[in-house]
Each structure stands twice: as structure tokens, then as C-alpha cells.
>>> print(open('my_file_22.csv').read())   # CSV, C-alpha atoms and all ligand atoms
chain,number,residue,atom,x,y,z
A,1,MET,CA,0.3,-4.8,24.8
A,2,SER,CA,-2.4,-3.0,22.8
A,3,ILE,CA,-1.8,-2.7,19.1
A,4,LEU,CA,-3.7,-0.1,17.0
A,5,ILE,CA,-4.2,-0.2,13.3
A,6,THR,CA,-5.5,3.0,11.6
A,7,GLY,CA,-7.7,2.9,8.5
A,8,ALA,CA,-8.4,-0.7,9.4
A,9,SER,CA,-11.3,-1.4,7.1
A,10,GLY,CA,-9.2,-1.2,3.9
A,11,SER,CA,-7.6,-4.2,2.3
A,12,PHE,CA,-4.2,-3.9,4.1
A,13,GLY,CA,-5.9,-3.2,7.5
A,14,ARG,CA,-8.2,-6.2,7.3
A,15,GLN,CA,-5.4,-8.6,6.2
A,16,LEU,CA,-3.2,-7.3,9.0
A,17,ALA,CA,-6.0,-7.5,11.6
A,18,GLU,CA,-6.5,-11.1,10.5
A,19,VAL,CA,-2.8,-11.9,11.0
A,20,LEU,CA,-2.6,-10.2,14.4
A,21,MET,CA,-5.7,-12.0,15.6
A,22,ARG,CA,-3.5,-15.1,15.4
A,23,LYS,CA,-0.6,-13.5,17.3
A,24,VAL,CA,-2.1,-11.5,20.1
A,25,PRO,CA,-5.3,-11.7,22.2
A,26,ALA,CA,-8.2,-10.1,20.2
A,27,SER,CA,-8.9,-7.8,23.1
A,28,GLU,CA,-5.5,-6.2,22.6
A,29,LEU,CA,-6.3,-5.2,19.1
A,30,ILE,CA,-7.7,-1.7,18.4
A,31,LEU,CA,-9.0,-1.2,14.9
A,32,VAL,CA,-9.7,2.4,14.1
A,33,THR,CA,-11.8,3.2,11.0
A,34,ARG,CA,-14.3,5.6,9.5
A,35,ASN,CA,-16.6,2.7,9.1
A,36,PRO,CA,-16.9,0.6,12.3
A,37,SER,CA,-19.8,-1.4,11.0
A,38,ALA,CA,-17.5,-2.8,8.2
A,39,LEU,CA,-15.4,-4.4,10.9
A,40,GLY,CA,-18.3,-6.0,12.9
A,41,ALA,CA,-16.9,-9.5,12.4
A,42,PHE,CA,-13.7,-8.5,14.1
A,43,ALA,CA,-15.7,-6.9,17.0
A,44,ALA,CA,-17.7,-10.1,17.3
A,45,ARG,CA,-14.3,-11.9,17.8
A,46,GLY,CA,-13.3,-9.6,20.6
A,47,ALA,CA,-11.3,-6.8,18.9
A,48,GLN,CA,-11.9,-3.2,19.9
A,49,VAL,CA,-13.4,-1.4,16.9
A,50,ARG,CA,-13.4,2.3,17.2
A,51,SER,CA,-14.5,5.2,15.1
A,52,GLY,CA,-11.8,7.6,13.9
A,53,ASP,CA,-11.2,9.8,10.8
A,54,PHE,CA,-8.0,11.8,10.2
A,55,ASP,CA,-10.1,14.5,8.5
A,56,LYS,CA,-11.9,15.0,11.8
A,57,PRO,CA,-8.9,15.2,14.3
A,58,GLN,CA,-11.4,15.6,17.2
A,59,THR,CA,-12.4,11.9,16.7
A,60,LEU,CA,-8.9,10.7,17.2
A,61,PRO,CA,-8.0,11.1,20.9
A,62,SER,CA,-10.7,8.7,22.1
A,63,ALA,CA,-9.9,6.3,19.2
A,64,PHE,CA,-6.2,6.2,20.1
A,65,ALA,CA,-6.6,6.1,23.9
A,66,GLY,CA,-4.7,3.2,25.6
A,67,ALA,CA,-2.8,2.1,22.5
A,68,GLU,CA,0.9,1.2,22.9
A,69,LYS,CA,1.9,0.4,19.4
A,70,MET,CA,0.3,1.7,16.2
A,71,LEU,CA,0.5,1.1,12.5
A,72,LEU,CA,-0.4,4.2,10.6
A,73,ILE,CA,-1.6,3.0,7.2
A,74,SER,CA,-1.1,5.7,4.7
A,75,THR,CA,-4.3,7.1,3.2
A,76,LEU,CA,-5.3,7.8,-0.4
A,77,ALA,CA,-5.8,11.5,-0.8
A,78,VAL,CA,-2.3,12.2,-2.3
A,79,GLY,CA,-1.2,15.8,-1.7
A,80,PRO,CA,-1.6,18.4,1.1
A,81,ARG,CA,-4.8,16.7,2.4
A,82,ARG,CA,-2.9,13.4,3.0
A,83,GLN,CA,-0.1,15.3,4.8
A,84,HIS,CA,-2.7,17.0,7.1
A,85,GLN,CA,-4.3,13.6,7.7
A,86,HIS,CA,-1.0,11.9,8.6
A,87,ARG,CA,0.1,14.9,10.8
A,88,ALA,CA,-3.2,14.6,12.7
A,89,ALA,CA,-2.7,10.9,13.3
A,90,ILE,CA,1.0,11.3,14.5
A,91,GLU,CA,0.3,14.3,16.7
A,92,THR,CA,-2.7,12.5,18.3
A,93,ALA,CA,-0.7,9.3,18.8
A,94,VAL,CA,2.1,11.2,20.5
A,95,ALA,CA,-0.3,13.1,22.8
A,96,ALA,CA,-2.1,9.8,23.6
A,97,GLY,CA,1.1,8.2,24.8
A,98,VAL,CA,1.5,5.7,22.0
A,99,LYS,CA,5.1,4.3,22.5
A,100,HIS,CA,5.9,3.1,19.0
A,101,ILE,CA,4.5,4.2,15.7
A,102,ALA,CA,5.1,2.2,12.5
A,103,TYR,CA,4.2,3.6,9.1
A,104,THR,CA,3.5,2.2,5.6
A,105,SER,CA,5.7,4.4,3.4
A,106,SER,CA,7.0,3.7,-0.1
A,107,VAL,CA,10.3,2.6,-1.6
A,108,GLY,CA,12.1,5.3,-3.5
A,109,ILE,CA,12.2,8.1,-0.9
A,110,HIS,CA,14.3,10.8,-2.4
A,111,PRO,CA,13.9,14.6,-2.6
A,112,ARG,CA,14.0,14.5,-6.4
A,113,ASN,CA,11.6,11.6,-6.9
A,114,PRO,CA,8.9,13.0,-9.2
A,115,SER,CA,6.1,10.7,-8.0
A,116,LEU,CA,3.5,12.9,-6.4
A,117,ALA,CA,2.8,10.3,-3.7
A,118,GLU,CA,6.5,10.3,-2.5
A,119,ALA,CA,6.3,13.9,-1.2
A,120,ASP,CA,3.6,12.8,1.3
A,121,HIS,CA,5.7,9.8,2.4
A,122,MET,CA,8.8,12.0,2.8
A,123,PHE,CA,6.8,14.5,4.8
A,124,THR,CA,5.4,11.8,7.0
A,125,GLU,CA,8.7,10.1,7.6
A,126,ASP,CA,10.2,13.4,8.5
A,127,LEU,CA,7.4,14.0,11.0
A,128,LEU,CA,8.0,10.6,12.5
A,129,ARG,CA,11.7,11.3,12.9
A,130,ARG,CA,10.9,14.6,14.7
A,131,CYS,CA,7.9,13.5,16.8
A,132,GLY,CA,9.9,12.3,19.8
A,133,THR,CA,8.3,8.8,19.8
A,134,VAL,CA,9.9,5.6,18.7
A,135,PHE,CA,9.1,4.8,15.0
A,136,THR,CA,9.6,2.2,12.3
A,137,VAL,CA,9.2,2.8,8.6
A,138,LEU,CA,8.0,0.1,6.2
A,139,ARG,CA,8.7,1.3,2.7
A,140,ASP,CA,6.5,-0.9,0.5
A,141,ALA,CA,7.3,-1.4,-3.2
A,142,GLN,CA,4.4,-1.6,-5.7
A,143,TYR,CA,2.0,-4.3,-4.8
A,144,ALA,CA,2.4,-7.4,-7.0
A,145,GLU,CA,-1.4,-7.8,-6.8
A,146,VAL,CA,-1.9,-4.5,-8.6
A,147,ILE,CA,0.1,-6.0,-11.4
A,148,ALA,CA,-1.4,-9.5,-11.3
A,149,THR,CA,-5.1,-8.5,-10.8
A,150,MET,CA,-5.4,-5.2,-12.6
A,151,LEU,CA,-2.6,-4.4,-15.1
A,152,ALA,CA,-1.8,-8.0,-16.4
A,153,PRO,CA,-5.5,-9.0,-16.9
A,154,MET,CA,-6.1,-5.7,-18.9
A,155,ALA,CA,-3.0,-6.4,-21.0
A,156,LEU,CA,-4.1,-10.0,-21.7
A,157,GLN,CA,-7.5,-8.9,-22.7
A,158,THR,CA,-6.3,-6.1,-25.0
A,159,GLY,CA,-3.0,-7.7,-26.2
A,160,LYS,CA,-1.1,-4.5,-25.2
A,161,TRP,CA,0.6,-3.3,-22.0
A,162,ILE,CA,0.8,0.4,-22.4
A,163,MET,CA,3.3,2.1,-20.0
A,164,SER,CA,5.4,5.2,-19.7
A,165,ALA,CA,7.7,3.5,-17.2
A,166,GLY,CA,10.1,2.7,-20.1
A,167,GLU,CA,12.7,0.1,-19.0
A,168,GLY,CA,12.6,1.2,-15.3
A,169,CYS,CA,12.6,-1.5,-12.7
A,170,MET,CA,10.5,-2.4,-9.6
A,171,ALA,CA,10.8,-5.3,-7.2
A,172,PHE,CA,7.0,-5.9,-7.0
A,173,VAL,CA,6.0,-7.2,-3.5
A,174,SER,CA,3.0,-9.2,-2.5
A,175,LYS,CA,0.6,-7.3,-0.2
A,176,GLN,CA,0.7,-10.5,2.0
A,177,ASP,CA,4.4,-10.0,2.5
A,178,CYS,CA,3.9,-6.3,3.4
A,179,VAL,CA,1.2,-7.3,5.9
A,180,ALA,CA,3.4,-10.1,7.4
A,181,SER,CA,6.3,-7.6,7.7
A,182,ALA,CA,4.1,-5.1,9.5
A,183,ALA,CA,2.9,-7.8,11.8
A,184,ALA,CA,6.5,-8.7,12.7
A,185,VAL,CA,7.3,-5.1,13.5
A,186,LEU,CA,4.3,-4.8,15.7
A,187,THR,CA,4.7,-8.1,17.6
A,188,THR,CA,8.5,-8.6,17.9
A,189,PRO,CA,11.2,-6.5,19.6
A,190,GLY,CA,14.1,-4.7,17.9
A,191,HIS,CA,12.6,-2.5,15.2
A,192,GLU,CA,13.0,0.9,16.9
A,193,GLY,CA,14.2,3.5,14.4
A,194,ALA,CA,14.5,0.9,11.6
A,195,VAL,CA,13.7,1.7,8.0
A,196,TYR,CA,12.8,-1.4,6.0
A,197,GLU,CA,12.6,-1.6,2.2
A,198,ILE,CA,9.7,-4.1,1.7
A,199,THR,CA,10.3,-5.5,-1.7
A,200,GLY,CA,9.9,-8.6,-3.7
A,201,PRO,CA,12.9,-10.9,-4.4
A,202,GLN,CA,13.7,-9.6,-7.9
A,203,LEU,CA,13.7,-6.5,-10.0
A,204,TYR,CA,11.5,-6.5,-13.1
A,205,THR,CA,10.9,-4.0,-15.9
A,206,PHE,CA,7.3,-3.8,-17.0
A,207,ARG,CA,8.5,-5.4,-20.3
A,208,ASP,CA,9.5,-8.4,-18.1
A,209,ALA,CA,6.1,-8.3,-16.4
A,210,ALA,CA,4.3,-8.3,-19.8
A,211,ALA,CA,6.4,-11.3,-20.9
A,212,LEU,CA,5.5,-13.2,-17.7
A,213,ALA,CA,1.8,-12.3,-18.2
A,214,ALA,CA,1.9,-13.6,-21.7
A,215,GLU,CA,3.6,-16.9,-20.6
A,216,ILE,CA,1.2,-17.5,-17.8
A,217,GLY,CA,-1.9,-16.3,-19.5
A,218,GLY,CA,-1.1,-18.2,-22.7
A,219,ARG,CA,-1.6,-15.2,-25.1
A,220,PRO,CA,0.9,-12.8,-26.6
A,221,VAL,CA,1.2,-9.4,-25.0
A,222,GLU,CA,2.9,-6.5,-26.7
A,223,TYR,CA,4.8,-4.1,-24.4
A,224,VAL,CA,4.0,-0.6,-25.7
A,225,SER,CA,6.4,2.1,-24.4
A,226,VAL,CA,4.8,5.5,-24.6
A,227,SER,CA,5.6,9.0,-23.3
A,228,HIS,CA,4.1,10.4,-20.1
A,229,GLU,CA,1.8,12.7,-22.1
A,230,GLU,CA,0.5,9.8,-24.1
A,231,LYS,CA,-0.1,7.8,-21.0
A,232,LEU,CA,-2.1,10.6,-19.4
A,233,ALA,CA,-4.1,10.9,-22.6
A,234,PHE,CA,-4.7,7.1,-22.4
A,235,PHE,CA,-6.1,7.5,-18.8
A,236,ASP,CA,-8.2,10.5,-19.9
A,237,ALA,CA,-9.7,8.4,-22.7
A,238,ALA,CA,-10.4,5.6,-20.2
A,239,GLY,CA,-12.3,8.0,-18.0
A,240,ILE,CA,-9.8,7.9,-15.1
A,241,PRO,CA,-10.0,11.1,-13.0
A,242,ARG,CA,-6.9,13.3,-13.0
A,243,GLU,CA,-7.0,13.4,-9.2
A,244,TYR,CA,-8.1,11.0,-6.4
A,245,VAL,CA,-11.9,11.1,-5.9
A,246,GLU,CA,-13.1,10.1,-2.4
A,247,GLY,CA,-15.2,7.0,-2.4
A,248,GLU,CA,-14.3,5.7,-6.0
A,249,THR,CA,-13.0,2.2,-5.8
A,250,ASN,CA,-11.5,-0.5,-8.0
A,251,SER,CA,-13.3,-3.8,-8.5
A,252,ASP,CA,-11.5,-5.2,-5.4
A,253,GLY,CA,-12.7,-2.3,-3.2
A,254,THR,CA,-9.4,-0.5,-2.9
A,255,GLY,CA,-9.2,3.2,-3.7
A,256,ILE,CA,-8.6,4.4,-7.3
A,257,TRP,CA,-5.5,6.7,-7.8
A,258,GLY,CA,-5.8,9.8,-9.9
A,259,SER,CA,-4.1,9.6,-13.3
A,260,GLU,CA,-1.6,12.4,-12.7
A,261,GLU,CA,-0.4,10.5,-9.6
A,262,MET,CA,-0.1,7.3,-11.6
A,263,VAL,CA,1.8,8.9,-14.4
A,264,SER,CA,4.2,10.6,-12.0
A,265,TYR,CA,4.8,7.1,-10.5
A,266,GLU,CA,5.6,5.8,-13.9
A,267,ARG,CA,8.0,8.7,-14.5
A,268,ALA,CA,9.7,7.9,-11.2
A,269,ILE,CA,10.0,4.2,-12.2
A,270,ARG,CA,11.5,5.3,-15.6
A,271,GLN,CA,14.0,7.5,-13.9
A,272,GLY,CA,15.1,4.6,-11.6
A,273,TYR,CA,13.9,5.8,-8.2
A,274,PHE,CA,12.1,2.6,-7.5
A,275,SER,CA,14.9,0.3,-8.6
A,276,ILE,CA,15.4,-1.2,-5.1
A,277,CYS,CA,15.5,-4.8,-4.1
A,278,SER,CA,16.1,-5.9,-0.5
A,279,HIS,CA,15.9,-9.0,1.7
A,280,HIS,CA,14.0,-7.2,4.5
A,281,VAL,CA,10.8,-9.3,4.0
A,282,GLU,CA,12.8,-12.4,4.7
A,283,MET,CA,14.6,-10.7,7.6
A,284,LEU,CA,11.3,-9.8,9.2
A,285,THR,CA,9.1,-12.8,8.4
A,286,GLY,CA,11.7,-15.6,8.3
A,287,ARG,CA,10.6,-16.7,4.8
A,288,PRO,CA,11.5,-15.5,1.3
A,289,ALA,CA,9.4,-12.8,-0.3
A,290,GLN,CA,6.9,-14.1,-2.9
A,291,SER,CA,8.0,-13.6,-6.5
A,292,LEU,CA,5.8,-11.9,-9.1
A,293,ARG,CA,5.5,-15.4,-10.8
A,294,GLU,CA,4.0,-16.8,-7.6
A,295,VAL,CA,1.5,-13.9,-7.3
A,296,PHE,CA,0.6,-14.4,-11.0
A,297,LEU,CA,0.1,-18.1,-10.4
A,298,ALA,CA,-2.1,-17.4,-7.3
A,299,ASN,CA,-4.3,-15.4,-9.8
A,300,LEU,CA,-4.1,-17.9,-12.6
A,301,VAL,CA,-7.9,-18.3,-13.1
A,302,ALA,CA,-8.4,-14.5,-13.5
A,303,LEU,CA,-5.4,-14.2,-15.9
A,304,LYS,CA,-6.6,-17.1,-18.1
A,305,SER,CA,-10.1,-15.8,-18.1
A,306,ALA,CA,-8.8,-12.3,-19.2
A,307,ALA,CA,-6.8,-13.9,-22.0
A,308,SER,CA,-9.8,-15.9,-23.2
A,309,ASN,CA,-11.9,-12.7,-23.4
A,310,ARG,CA,-9.7,-11.1,-26.1
B,1,LIG,N1,2.5,-0.1,-2.5
B,1,LIG,C1,1.5,0.0,-3.3
B,1,LIG,O1,1.5,-0.6,-4.5
B,1,LIG,C2,0.2,0.7,-3.0
B,1,LIG,C3,-0.9,0.6,-3.8
B,1,LIG,C4,-2.0,1.3,-3.4
B,1,LIG,C5,-2.1,1.9,-2.2
B,1,LIG,N2,-1.0,2.0,-1.4
B,1,LIG,C6,-1.0,2.6,-0.1
B,1,LIG,O2,-1.2,1.6,0.9
B,1,LIG,C7,-2.4,2.0,1.7
B,1,LIG,C8,-3.1,0.7,2.0
B,1,LIG,O3,-3.5,0.0,0.8
B,1,LIG,P1,-4.9,-0.7,0.7
B,1,LIG,O4,-4.8,-1.6,-0.5
B,1,LIG,O5,-5.3,-1.2,2.0
B,1,LIG,O6,-5.8,0.5,0.3
B,1,LIG,P2,-7.4,0.6,0.5
B,1,LIG,O7,-8.0,-0.7,0.7
B,1,LIG,O8,-7.9,1.5,-0.5
B,1,LIG,O9,-7.5,1.4,1.9
B,1,LIG,C9,-7.3,2.7,2.1
B,1,LIG,C10,-7.1,3.0,3.5
B,1,LIG,O10,-7.0,4.4,3.8
B,1,LIG,C11,-7.8,4.7,5.0
B,1,LIG,N3,-8.2,6.1,5.0
B,1,LIG,C12,-8.7,6.8,3.9
B,1,LIG,N4,-9.1,8.0,4.3
B,1,LIG,C13,-8.9,8.1,5.7
B,1,LIG,C14,-9.1,9.0,6.7
B,1,LIG,N5,-9.7,10.2,6.4
B,1,LIG,N6,-8.8,8.7,8.0
B,1,LIG,C15,-8.3,7.5,8.3
B,1,LIG,N7,-8.0,6.6,7.4
B,1,LIG,C16,-8.3,6.8,6.1
B,1,LIG,C17,-8.9,3.8,4.9
B,1,LIG,O11,-9.4,3.5,6.3
B,1,LIG,P3,-11.0,3.3,6.7
B,1,LIG,O12,-11.8,3.4,5.4
B,1,LIG,O13,-11.0,2.0,7.4
B,1,LIG,O14,-11.3,4.5,7.6
B,1,LIG,C18,-8.3,2.5,4.3
B,1,LIG,O15,-7.8,1.6,5.3
B,1,LIG,C19,-3.2,2.9,0.8
B,1,LIG,O16,-4.0,3.7,1.5
B,1,LIG,C20,-2.1,3.7,0.1
B,1,LIG,O17,-1.6,4.8,0.8
B,1,LIG,C21,0.1,1.3,-1.7
>>> encode(input="my_file_22.csv", output="C-alpha cells")
Amino acid sequence: MSILITGASGSFGRQLAEVLMRKVPASELILVTRNPSALGAFAARGAQVRSGDFDKPQTLPSAFAGAEKMLLISTLAVGPRRQHQHRAAIETAVAAGVKHIAYTSSVGIHPRNPSLAEADHMFTEDLLRRCGTVFTVLRDAQYAEVIATMLAPMALQTGKWIMSAGEGCMAFVSKQDCVASAAAVLTTPGHEGAVYEITGPQLYTFRDAAALAAEIGGRPVEYVSVSHEEKLAFFDAAGIPREYVEGETNSDGTGIWGSEEMVSYERAIRQGYFSICSHHVEMLTGRPAQSLREVFLANLVALKSAASNR
């Protein structure tokens, strides 16, 4: 059974490829990426690494040929471009005879959710429902690693955690659990038509996250609740572009979101759209989802180091 991962050179794609290498023969793994050279190590271990770019749909039919299951990893260009990208991927997969398409969506799918990213996920889920091929949706909550490796260290360094999410909640989920859940969907039967809410085990406000960062980092952190306009101005002052810029990355190599998208995400958190906590990770993987505390502790050195740099 051939399993295809799109956008396979990103952080999620590589972690999933690594997990799948332990579950299926390498030759049954098809890794599609815009940068095949970045996946040379997987090719050397026997995986099929193919070139494919959603912005160049003509590259996709040969890239998808022969795949039976596929994970469509959502891309980064929030807005109409991302919708075109996902449409190209789904239409090509259907034409290529892919029998089952899984998709990394987001929790909080709702027509009135103000997060700019949600419209793309709703659009893509809708396409999947209408494409005529079996599908599974994995709605990932916000990655706990974003909190533990980016936001918490910044807060420990500055002493302030500035958010416009108010007292809204999120059940932060470790990317490892998102990856393990996707691997389960791709390698075990019984997920046809399922929609999974891939969340951590507990809802937190960002005030809770700030308190946890302070406890684990060993320095006080003030939670500063600001308006959305103030948060946008904060991002402007920090030099964050308003919209996604192709190729710009965080220190861990993942793409940087535009500030308007991030503020709209905080607005959605504040309004309660992401206040969802499920047991689907455990249902899929057979073990409890990691807590935010566990993900913080896995990044203890970085957190302590940020606290000592104040
Ligand atoms: N739940 C959350 O908190 C959260 C946070 C951030 C992002 N996300 C979403 O989850 C996805 C995976 O996260 P990540 O950490 O792995 O992000 P990442 O490391 O930045 O990877 C982004 C992925 O998008 C793919 N991509 C970009 N443009 C593409 C195109 N034109 N055609 C095909 N693929 C394209 C890249 O594939 P190649 O470079 O290999 O072609 C890459 O795998 C993100 O893309 C985003 O949609 C979720």
C-alpha cells in the first residue's frame, strides 16, 4: 500500500516520514516536495522522493502517480492562494486514483470563526466532502511547541506575555501527537469519513500558559491582555510582515505567519472558537496526549536559558 505525504520537507512532513518508515516498507512511502534534495536521506533509505509544487499543478500528476493513501499537509500561504493550492492537490489526487485522502485541518471550523486561516480549512474540508474520494480530517489544535519554543521563551526573556486572546482557551497539542495521529489514520483501517479533533488533554488560557512558563522557567511572567489593534501594532514594531512572505522562516525552519493572520487567530481564541478538548489523540494512538507541561519540560533548557537572559 503506497502512502504519499505532500509538502514532505517541512517539520510535520519529516516527522511523519520518520514515523512511517518504522511502520511500512520504505519503498511504499512517496514523499512529495518542492525541494527533493532536502529529503536525500529518506531517498537513501529507500523512500520515493518526488518533485511536486501545488503552485505548479502540472508537476503533480507524475508526483502522485501510484499512491493509494495521501496526507495533504496544509500549506502556509493563507488566503485564496492556499485554497488554489489545496484544490490542485485534491483534484490531482482524485484524477490519479488516490483512494483515501487525509488532511491536516484546524480545530474551530465554524462559518463565523474570524481566524483568516480557518476559511481555507473550511474550503478544503468542503472540497474533500465533495470530491468523491474517501477522506479523513485531522483538525489540529495549536501546536504546544509554538508555545514552548517561541512564545514562552520570549515571555521569559521580556517578563511579559502580550496577547489579545483575552481569557479564551486552547487545548495545545504536541506536534508529535498530531504526527502520530496522522500515522495511525494512514496505516490502520476504519477512518473513512472521520473528522478528528486533535487536541491536548486540557484547555488552557494564555494566562495559564504564562503562569506555567513562569513556574518552569523560574522567573515571573506578567500576562498582559491587550486589544487586537494593540497586538497588531506590537507585531508591526517587531518587524513582522502583515501577510505571509514566501521563504521567511522561524529559527526552527518553519514558515512565519503574517501578523494579520496571527491577530485574527487570537481574536478567534478570545471568542471561544478554539475551546475544544477531545480524546481523539488517545483513541488514535493508544496513549494519552502530551500535556503542555510535558512539552515545556521537554524544552526545559531553552526555557531556563531564555529566563536567564532577561
Ligand atoms: N496547528 C498549528 O499550531 C500550526 C502551526 C503552524 C502551521 N500549521 C499548519 O500545519 C502545516 C505543517 O506545519 P509545519 O510545522 O510542518 O510547517 P512548515 O515546516 O513550515 O512546513 C510547511 C509545509 O508547507 C508545504 N508547502 C508550502 N508551499 C507549498 C506548495 N506550493 N506546494 C506544496 N507544498 C507546499 C511545504 O512543503 P515543501 O517545502 O516540502 O514543498 C511544507 O511541508 C503548515 O503548513 C500549516 O498549514 C499549523
>>> closest_atom_pairs(input="my_file_22.csv", of="chain A", to="ligand LIG 1 (chain B)", cutoff="8 Å", atoms="all atoms listed in the file", output="CSV")
residue,atom,partner,partner_atom,distance
A:Thr6,CA,B:LIG1,N7,6.1
A:Gly7,CA,B:LIG1,O11,2.8
A:Ala8,CA,B:LIG1,O13,4.2
A:Ser9,CA,B:LIG1,O13,3.4
A:Gly10,CA,B:LIG1,O15,3.4
A:Ser11,CA,B:LIG1,O5,3.8
A:Phe12,CA,B:LIG1,O5,3.6
A:Gly13,CA,B:LIG1,O15,5.6
A:Arg14,CA,B:LIG1,O5,7.8
A:Val32,CA,B:LIG1,O13,6.8
A:Thr33,CA,B:LIG1,O14,3.7
A:Arg34,CA,B:LIG1,O14,3.7
A:Asn35,CA,B:LIG1,O14,5.8
A:Pro36,CA,B:LIG1,O13,7.8
A:Gly52,CA,B:LIG1,C15,6.6
A:Asp53,CA,B:LIG1,N6,3.8
A:Phe54,CA,B:LIG1,N6,3.9
A:Asp55,CA,B:LIG1,N5,4.8
A:Lys56,CA,B:LIG1,N5,7.6
A:Ile73,CA,B:LIG1,C7,5.6
A:Ser74,CA,B:LIG1,O17,4.0
A:Thr75,CA,B:LIG1,O16,3.8
A:Leu76,CA,B:LIG1,O16,4.7
A:Ala77,CA,B:LIG1,N4,7.0
A:Gln85,CA,B:LIG1,N5,6.5
A:Thr104,CA,B:LIG1,O2,6.7
A:Ser105,CA,B:LIG1,O17,7.8
A:Ser106,CA,B:LIG1,N1,6.4
A:Asp140,CA,B:LIG1,N1,5.1
A:Ala141,CA,B:LIG1,N1,5.0
A:Gln142,CA,B:LIG1,O1,3.3
A:Tyr143,CA,B:LIG1,O1,3.7
A:Ala144,CA,B:LIG1,O1,7.3
A:Val146,CA,B:LIG1,O1,6.6
A:Val173,CA,B:LIG1,N1,8.0
A:Lys175,CA,B:LIG1,N1,7.8
A:Thr249,CA,B:LIG1,O8,7.4
A:Gly253,CA,B:LIG1,O7,6.3
A:Thr254,CA,B:LIG1,O8,3.5
A:Gly255,CA,B:LIG1,O8,3.8
A:Ile256,CA,B:LIG1,O8,7.4
A:Trp257,CA,B:LIG1,C4,7.8
>>> closest_residue(input="my_file_22.csv", among="A:His228, A:Arg112, A:Lys23, A:His84", to="Arg270 of chain A", atoms="all atoms listed in the file")
A:His228
>>> atom_distance(input="my_file_22.csv", atom1="atom CA of Pro241 of chain A", atom2="atom CA of Val226 of chain A")
19.6 Å
>>> residues_around(input="my_file_22.csv", residues="segment 216-224 of chain A", least_positions_apart="4", cutoff="12 Å", atoms="all atoms listed in the file", output="VMD selection string")
chain A and resid 148 151 to 167 205 to 212 230 to 231 292 to 310
>>> atom_distance(input="my_file_22.csv", atom1="atom CA of Val195 of chain A", atom2="atom CA of Leu127 of chain A")
14.1 Å
>>> closest_residue(input="my_file_22.csv", among="A:Asp252, A:Asp126, A:Glu261, A:Glu229", to="Glu145 of chain A", atoms="only C-alpha atoms")
A:Asp252
>>> residues_around(input="my_file_22.csv", residues="Leu203 of chain A", least_positions_apart="6", cutoff="6 Å", atoms="all atoms listed in the file", output="PyMOL selection string")
chain A and resi 169-171
>>> atom_distance(input="my_file_22.csv", atom1="atom CA of Ala194 of chain A", atom2="atom CA of Val137 of chain A")
6.4 Å
>>> closest_residue(input="my_file_22.csv", among="A:Ala213, A:Val94, A:Ala88, A:Met150", to="Asn250 of chain A", atoms="all atoms listed in the file")
A:Met150
>>> closest_residue(input="my_file_22.csv", among="A:Pro114, A:Gly286, A:Gly168, A:Pro61", to="Val98 of chain A", atoms="only C-alpha atoms")
A:Pro61
>>> axis_aligned_box(input="my_file_22.csv", around="segment 202-210 of chain A", padding_each_side="5 Å", output="lines of an AutoDock Vina configuration file")
center_x = 9.0
center_y = -6.7
center_z = -14.1
size_x = 19.4
size_y = 15.8
size_z = 22.4
>>> closest_residue(input="my_file_22.csv", among="A:Ser2, A:Ser174, A:Asp120, A:Leu29", to="Gly97 of chain A", atoms="all atoms listed in the file")
A:Ser2
>>> closest_residue(input="my_file_22.csv", among="A:Phe135, A:Phe42, A:Phe234, A:Phe123", to="Lys69 of chain A", atoms="all atoms listed in the file")
A:Phe135
>>> residues_near_point(input="my_file_22.csv", point="(-0.7, 5.5, 21.4)", cutoff="9 Å", atoms="only C-alpha atoms", output="PyMOL selection string")
chain A and resi 2-4+64-70+92-101
>>> residues_around(input="my_file_22.csv", residues="Leu128 of chain A", least_positions_apart="2", cutoff="10 Å", atoms="all atoms listed in the file", output="tab-separated table (two decimals) with C-alpha atoms, in the frame of the given file")
chain	number	residue	atom	x	y	z
A	86	HIS	CA	-1.00	11.90	8.60
A	87	ARG	CA	0.10	14.90	10.80
A	90	ILE	CA	1.00	11.30	14.50
A	91	GLU	CA	0.30	14.30	16.70
A	94	VAL	CA	2.10	11.20	20.50
A	101	ILE	CA	4.50	4.20	15.70
A	102	ALA	CA	5.10	2.20	12.50
A	103	TYR	CA	4.20	3.60	9.10
A	122	MET	CA	8.80	12.00	2.80
A	123	PHE	CA	6.80	14.50	4.80
A	124	THR	CA	5.40	11.80	7.00
A	125	GLU	CA	8.70	10.10	7.60
A	126	ASP	CA	10.20	13.40	8.50
A	130	ARG	CA	10.90	14.60	14.70
A	131	CYS	CA	7.90	13.50	16.80
A	132	GLY	CA	9.90	12.30	19.80
A	133	THR	CA	8.30	8.80	19.80
A	134	VAL	CA	9.90	5.60	18.70
A	135	PHE	CA	9.10	4.80	15.00
A	136	THR	CA	9.60	2.20	12.30
A	137	VAL	CA	9.20	2.80	8.60
A	193	GLY	CA	14.20	3.50	14.40
>>> residues_around(input="my_file_22.csv", residues="His279 of chain A", least_positions_apart="6", cutoff="9 Å", atoms="only C-alpha atoms", output="ChimeraX atom specification")
/A:197-201,288-289
